[in-house]
Amino acid sequence: MSRQALSDFLTNAELGDLQRPAGEALGLPGKCYGAEFFALEQARLFPRRWCPVGFAGDIPEPGAAKPVDLAGWPLLLVRGEDGAIRAFHNVCRHRNNIVVDAPCRGLKRIICPWHSWTYDLDGRLIATPHLGGQRKNADPTFDAADVDLKPVATAEWLGFVFVNIDGAAPPFEEHIRPLAELYRDYELDDLRPDAGWDMEFPCNWKVVVEGAIEDYHLPYVHAQMVRGEVEARPRLDHAPGCFFASSSARKYRAGDDAGEATARHSPLPRILGAPGEVEQRTFVTSVFPTGFATTRPNYIWIWLILPVGPGRTRVETRALFKGDAGTDPAFAELRRALDDEWRLVLDQDLTLVENVQRNMNRPDDAGIRPRFSPYWEANIQRFQQSIVEAVGPA
């Protein structure tokens, strides 16, 4: 548990700099992307709010389980016999061993590999072999009812599994309502996942998020995605502590229904219910703090941006298509083209974020603070403001 406070990192003047209008504001200094600030986030950000930590499609049937890590908090996601996803601290109540160390399917029980303490899929302790001696699986001084796996509040939305570690966040329905309203025109009930991939970025998790929620760099880094100038009309939506979204209209390269083809050219089934101006827009949404979604009329690409350490971030991706479109052979070529496109995008970002992280402390030493494009990057400013609010005094 970090004993430091926000005031150990930012002066009142620096906090004020971040609150100015975007064209005048100064961004978070490099020290907010290092190990000590990360410890503050571990204590005050990640445990206290609803955080996306997994994909529901990764644990598709009863008996499926997956260990996940949220900034050093080891958790276990399990789908129970009733079909519900539950989360637990991935800690045996005996002597703190990890109970499940790899994704698995077909579980009937959860058995700690150290001393075989056994839990059912609801987390209840059901067996303690030889606890009281040879062939004595109980002891009159030991109350097994007190040592179930410790549960963590869990919810699902848009293919994400959310957790709230301290259990003190507002009800999930209340928390997610502004984001659900943003997606009101999309048919989300019949979305099914396609296979995705995972990769690791050698940088602080905030660097990944900040690169993901702005289109400013698109024609310079991902030129294959645009034709000529980006014809963007960014519209910014946000709900503090819930999401930051930008939506923009742009011309994509046409090309055999592959890559970033628009809804009018793509045979993929539409997930956008209501026609209108929104059809021409792409939603790029940060599901604060660790989720991300790129939403188009025919599919949604969802991402987890999971801090592994102060300078390492695990990115996991999955695609959501309507109905059987994620497995139908008729769409295999298009799905492969989309997958290749997004792999290329992340590969193109890799060197940039590595350089940013490597260079993070030198600007502080030189008295240099980041700036924002007032047209493109207001959401980065809002994201940084939300970080400050989350780890601050309240």
# chains A, B, ... in the order shown; residues from 1 in each chain; ligands from 1
$ select_by_dssp --residues "range 111-271 of chain A" --states "strand (DSSP E or B)" --output "ChimeraX atom specification"
/A:111,118-119,125-127,133,136,151-157,160-164,186,191-201,235-239,243-248
$ write_last_selection --atoms "C-alpha atoms" --output "PDB file, in the first residue's frame"
ATOM      1  CA  ILE A 111      -8.129 -27.313  -6.269  1.00  0.00           C
ATOM      2  CA  THR A 118     -10.772 -27.586  -2.745  1.00  0.00           C
ATOM      3  CA  TYR A 119     -13.453 -25.045  -3.633  1.00  0.00           C
ATOM      4  CA  LEU A 125     -14.458 -24.371   0.515  1.00  0.00           C
ATOM      5  CA  ILE A 126     -15.637 -27.988   0.222  1.00  0.00           C
ATOM      6  CA  ALA A 127     -12.588 -30.093   1.094  1.00  0.00           C
ATOM      7  CA  GLY A 133      -4.155 -35.480  10.539  1.00  0.00           C
ATOM      8  CA  LYS A 136      -8.925 -36.664   9.138  1.00  0.00           C
ATOM      9  CA  PRO A 151     -15.284 -12.805  -3.855  1.00  0.00           C
ATOM     10  CA  VAL A 152     -14.906  -9.643  -5.899  1.00  0.00           C
ATOM     11  CA  ALA A 153     -17.864  -7.645  -7.252  1.00  0.00           C
ATOM     12  CA  THR A 154     -18.362  -8.528 -10.921  1.00  0.00           C
ATOM     13  CA  ALA A 155     -20.379  -7.258 -13.891  1.00  0.00           C
ATOM     14  CA  GLU A 156     -20.505  -7.704 -17.677  1.00  0.00           C
ATOM     15  CA  TRP A 157     -21.043  -5.252 -20.506  1.00  0.00           C
ATOM     16  CA  PHE A 160     -15.973  -7.020 -20.934  1.00  0.00           C
ATOM     17  CA  VAL A 161     -15.873  -8.494 -17.444  1.00  0.00           C
ATOM     18  CA  PHE A 162     -15.666  -5.686 -14.879  1.00  0.00           C
ATOM     19  CA  VAL A 163     -14.554  -5.990 -11.267  1.00  0.00           C
ATOM     20  CA  ASN A 164     -14.644  -3.660  -8.289  1.00  0.00           C
ATOM     21  CA  TYR A 186     -26.269  -0.366 -31.493  1.00  0.00           C
ATOM     22  CA  LEU A 191     -22.622  -9.827 -30.318  1.00  0.00           C
ATOM     23  CA  ARG A 192     -20.285 -12.817 -30.306  1.00  0.00           C
ATOM     24  CA  PRO A 193     -16.500 -12.824 -30.038  1.00  0.00           C
ATOM     25  CA  ASP A 194     -14.000 -13.865 -32.657  1.00  0.00           C
ATOM     26  CA  ALA A 195     -10.493 -14.935 -31.716  1.00  0.00           C
ATOM     27  CA  GLY A 196      -8.096 -12.128 -30.882  1.00  0.00           C
ATOM     28  CA  TRP A 197      -4.543 -11.841 -29.682  1.00  0.00           C
ATOM     29  CA  ASP A 198      -2.455 -10.508 -26.822  1.00  0.00           C
ATOM     30  CA  MET A 199       0.771  -8.520 -26.793  1.00  0.00           C
ATOM     31  CA  GLU A 200       2.897  -6.539 -24.377  1.00  0.00           C
ATOM     32  CA  PHE A 201       3.963  -2.902 -24.632  1.00  0.00           C
ATOM     33  CA  ARG A 235     -17.186  14.891 -31.340  1.00  0.00           C
ATOM     34  CA  LEU A 236     -16.179  14.386 -27.740  1.00  0.00           C
ATOM     35  CA  ASP A 237     -18.353  12.643 -25.167  1.00  0.00           C
ATOM     36  CA  HIS A 238     -17.362  11.779 -21.633  1.00  0.00           C
ATOM     37  CA  ALA A 239     -18.633  10.890 -18.203  1.00  0.00           C
ATOM     38  CA  PHE A 243     -15.608   6.751 -20.311  1.00  0.00           C
ATOM     39  CA  PHE A 244     -13.994   9.114 -22.788  1.00  0.00           C
ATOM     40  CA  ALA A 245     -15.188   8.824 -26.371  1.00  0.00           C
ATOM     41  CA  SER A 246     -14.375  10.570 -29.588  1.00  0.00           C
ATOM     42  CA  SER A 247     -16.330   9.913 -32.736  1.00  0.00           C
ATOM     43  CA  SER A 248     -15.244  11.058 -36.133  1.00  0.00           C
TER      44      SER A 248
END
$ select_by_dssp --residues "range 5-180 of chain A" --states "helix (DSSP H, G or I)" --output "number ranges by chain"
A: 6-8, 12-19, 30-33, 35-44, 46-48, 56-58, 144-146, 172-180
$ closest_atom_pairs --of "range 69-182 of chain A" --to "range 40-59 of chain A" --cutoff "12 Å" --atoms "only C-alpha atoms" --output "CSV"
residue,atom,partner,partner_atom,distance
A:Asp69,CA,A:Val53,CA,7.6
A:Leu70,CA,A:Val53,CA,6.6
A:Ala71,CA,A:Gln42,CA,6.1
A:Gly72,CA,A:Gln42,CA,7.4
A:Trp73,CA,A:Gln42,CA,8.3
A:Pro74,CA,A:Val53,CA,10.7
A:Leu75,CA,A:Val53,CA,9.0
A:Leu76,CA,A:Gly54,CA,9.8
A:Leu77,CA,A:Ile59,CA,7.8
A:Val78,CA,A:Ile59,CA,7.1
A:Arg79,CA,A:Ile59,CA,6.3
A:Gly80,CA,A:Ile59,CA,9.9
A:Gly83,CA,A:Ile59,CA,10.0
A:Ala84,CA,A:Ala56,CA,10.0
A:Ile85,CA,A:Ala56,CA,7.8
A:Arg86,CA,A:Ile59,CA,10.6
A:Ala87,CA,A:Val53,CA,10.1
A:His89,CA,A:Pro47,CA,11.9
A:Pro103,CA,A:Ile59,CA,8.5
A:Cys104,CA,A:Ile59,CA,8.5
A:Arg105,CA,A:Ile59,CA,7.8
A:Gly106,CA,A:Ile59,CA,10.3
A:Leu107,CA,A:Ile59,CA,11.2
A:Val152,CA,A:Pro47,CA,10.2
A:Ala153,CA,A:Trp50,CA,8.7
A:Thr154,CA,A:Trp50,CA,8.4
A:Ala155,CA,A:Trp50,CA,8.5
A:Glu156,CA,A:Ala56,CA,7.3
A:Trp157,CA,A:Ala56,CA,8.8
A:Leu158,CA,A:Ala56,CA,9.0
A:Gly159,CA,A:Ala56,CA,5.5
A:Phe160,CA,A:Phe55,CA,4.7
A:Val161,CA,A:Gly54,CA,5.0
A:Phe162,CA,A:Pro52,CA,4.2
A:Val163,CA,A:Trp50,CA,5.4
A:Asn164,CA,A:Trp50,CA,4.7
A:Ile165,CA,A:Pro47,CA,4.7
A:Asp166,CA,A:Pro47,CA,5.5
A:Gly167,CA,A:Arg48,CA,7.5
A:Ala168,CA,A:Arg48,CA,6.7
A:Ala169,CA,A:Arg49,CA,5.3
A:Pro170,CA,A:Arg49,CA,8.2
A:Pro171,CA,A:Trp50,CA,9.2
A:Phe172,CA,A:Trp50,CA,7.4
A:Glu173,CA,A:Trp50,CA,10.8
A:Glu174,CA,A:Trp50,CA,11.0
A:His175,CA,A:Trp50,CA,7.9
A:Ile176,CA,A:Trp50,CA,9.1
$ atom_distance --atom1 "CA of Lys322 in chain A" --atom2 "CA of Asp190 in chain A"
5.8 Å
$ residues_around --residues "range 343-349 of chain A" --least-positions-apart "5" --cutoff "12 Å" --atoms "only C-alpha atoms" --output "VMD selection string"
chain A and resid 196 to 203 207 to 212 217 to 225 259 to 260 301 303 315 to 318 336 to 338 354 to 356
$ write_last_selection --atoms "N, CA and C atoms" --output "tab-separated table (two decimals), in the first residue's frame"
chain	number	residue	atom	x	y	z
A	196	GLY	N	-8.93	-13.32	-30.86
A	196	GLY	CA	-8.10	-12.13	-30.88
A	196	GLY	C	-6.66	-12.50	-30.58
A	197	TRP	N	-5.94	-11.58	-30.03
A	197	TRP	CA	-4.54	-11.84	-29.68
A	197	TRP	C	-4.14	-10.94	-28.54
A	198	ASP	N	-3.00	-11.26	-27.95
A	198	ASP	CA	-2.45	-10.51	-26.82
A	198	ASP	C	-1.03	-10.10	-27.15
A	199	MET	N	-0.61	-8.95	-26.63
A	199	MET	CA	0.77	-8.52	-26.79
A	199	MET	C	1.15	-7.62	-25.62
A	200	GLU	N	2.43	-7.36	-25.48
A	200	GLU	CA	2.90	-6.54	-24.38
A	200	GLU	C	3.60	-5.30	-24.91
A	201	PHE	N	3.34	-4.17	-24.27
A	201	PHE	CA	3.96	-2.90	-24.63
A	201	PHE	C	4.94	-2.50	-23.53
A	202	PRO	N	6.15	-2.07	-23.90
A	202	PRO	CA	7.15	-1.69	-22.90
A	202	PRO	C	6.98	-0.24	-22.44
A	203	CYS	N	5.82	0.05	-21.87
A	203	CYS	CA	5.54	1.43	-21.45
A	203	CYS	C	4.47	1.41	-20.37
A	207	VAL	N	0.32	5.63	-21.24
A	207	VAL	CA	0.85	5.96	-22.57
A	207	VAL	C	0.04	5.22	-23.64
A	208	VAL	N	-0.31	3.96	-23.38
A	208	VAL	CA	-1.11	3.19	-24.33
A	208	VAL	C	-2.50	3.81	-24.49
A	209	VAL	N	-3.15	4.13	-23.37
A	209	VAL	CA	-4.49	4.72	-23.44
A	209	VAL	C	-4.46	6.04	-24.19
A	210	GLU	N	-3.51	6.89	-23.87
A	210	GLU	CA	-3.46	8.22	-24.48
A	210	GLU	C	-3.21	8.13	-25.98
A	211	GLY	N	-2.44	7.14	-26.42
A	211	GLY	CA	-2.25	6.96	-27.85
A	211	GLY	C	-3.49	6.43	-28.54
A	212	ALA	N	-4.30	5.68	-27.79
A	212	ALA	CA	-5.47	5.05	-28.39
A	212	ALA	C	-6.63	6.01	-28.57
A	217	HIS	N	-2.61	11.36	-34.71
A	217	HIS	CA	-1.43	10.72	-35.30
A	217	HIS	C	-1.77	9.81	-36.48
A	218	LEU	N	-3.05	9.64	-36.78
A	218	LEU	CA	-3.47	8.62	-37.73
A	218	LEU	C	-2.80	8.75	-39.11
A	219	PRO	N	-2.85	9.92	-39.76
A	219	PRO	CA	-2.25	9.99	-41.10
A	219	PRO	C	-0.74	9.89	-41.11
A	220	TYR	N	-0.10	10.08	-39.97
A	220	TYR	CA	1.36	10.08	-39.91
A	220	TYR	C	1.93	8.72	-39.52
A	221	VAL	N	1.16	7.97	-38.73
A	221	VAL	CA	1.64	6.66	-38.24
A	221	VAL	C	0.89	5.51	-38.91
A	222	HIS	N	-0.40	5.71	-39.16
A	222	HIS	CA	-1.23	4.64	-39.73
A	222	HIS	C	-1.82	5.11	-41.06
A	223	ALA	N	-0.97	5.54	-41.96
A	223	ALA	CA	-1.45	6.13	-43.21
A	223	ALA	C	-2.26	5.15	-44.04
A	224	GLN	N	-2.05	3.84	-43.83
A	224	GLN	CA	-2.80	2.85	-44.60
A	224	GLN	C	-4.29	2.89	-44.28
A	225	MET	N	-4.66	3.54	-43.18
A	225	MET	CA	-6.06	3.56	-42.77
A	225	MET	C	-6.84	4.72	-43.38
A	259	GLY	N	-9.83	-4.61	-44.74
A	259	GLY	CA	-9.27	-3.57	-43.89
A	259	GLY	C	-10.36	-2.74	-43.26
A	260	GLU	N	-10.28	-1.41	-43.43
A	260	GLU	CA	-11.20	-0.51	-42.75
A	260	GLU	C	-12.37	-0.12	-43.65
A	301	TRP	N	-14.31	-3.70	-31.96
A	301	TRP	CA	-13.04	-4.28	-31.54
A	301	TRP	C	-12.79	-3.82	-30.11
A	303	TRP	N	-10.67	-3.98	-26.39
A	303	TRP	CA	-9.29	-4.11	-25.93
A	303	TRP	C	-9.25	-4.02	-24.41
A	315	VAL	N	-1.73	-5.81	-23.54
A	315	VAL	CA	-2.89	-5.44	-24.35
A	315	VAL	C	-3.51	-6.73	-24.90
A	316	GLU	N	-4.78	-6.93	-24.62
A	316	GLU	CA	-5.52	-8.08	-25.13
A	316	GLU	C	-6.66	-7.56	-26.00
A	317	THR	N	-6.90	-8.21	-27.13
A	317	THR	CA	-7.91	-7.73	-28.07
A	317	THR	C	-8.84	-8.87	-28.48
A	318	ARG	N	-10.09	-8.51	-28.73
A	318	ARG	CA	-11.07	-9.44	-29.29
A	318	ARG	C	-11.98	-8.63	-30.22
A	336	ARG	N	-10.07	-11.90	-41.47
A	336	ARG	CA	-8.61	-11.98	-41.50
A	336	ARG	C	-8.01	-10.62	-41.88
A	337	ALA	N	-8.65	-9.93	-42.83
A	337	ALA	CA	-8.15	-8.62	-43.23
A	337	ALA	C	-8.24	-7.61	-42.09
A	338	LEU	N	-9.35	-7.65	-41.35
A	338	LEU	CA	-9.49	-6.77	-40.19
A	338	LEU	C	-8.45	-7.09	-39.13
A	354	GLU	N	7.35	2.96	-26.92
A	354	GLU	CA	8.61	2.60	-26.25
A	354	GLU	C	9.52	3.82	-26.14
A	355	ASN	N	9.57	4.61	-27.21
A	355	ASN	CA	10.39	5.83	-27.18
A	355	ASN	C	9.85	6.85	-26.19
A	356	VAL	N	8.53	6.98	-26.14
A	356	VAL	CA	7.92	7.92	-25.19
A	356	VAL	C	8.27	7.51	-23.76
$ residues_around --residues "range 375-378 of chain A" --least-positions-apart "4" --cutoff "7 Å" --atoms "only C-alpha atoms" --output "list in words"
Ala22, Glu214, Asp215, Tyr216 and Arg382 of chain A
$ atom_distance --atom1 "CA of Pro289 in chain A" --atom2 "CA of Leu352 in chain A"
21.3 Å
$ closest_residue --among "A:His115, A:Arg270, A:Lys206, A:Arg109" --to "Gly30 in chain A" --atoms "only C-alpha atoms"
A:Lys206
$ closest_residue --among "A:Val287, A:Gln4, A:Gly27, A:Arg124" --to "Arg371 in chain A" --atoms "only C-alpha atoms"
A:Gly27
$ atom_distance --atom1 "CA of Thr295 in chain A" --atom2 "CA of Ala180 in chain A"
13.1 Å
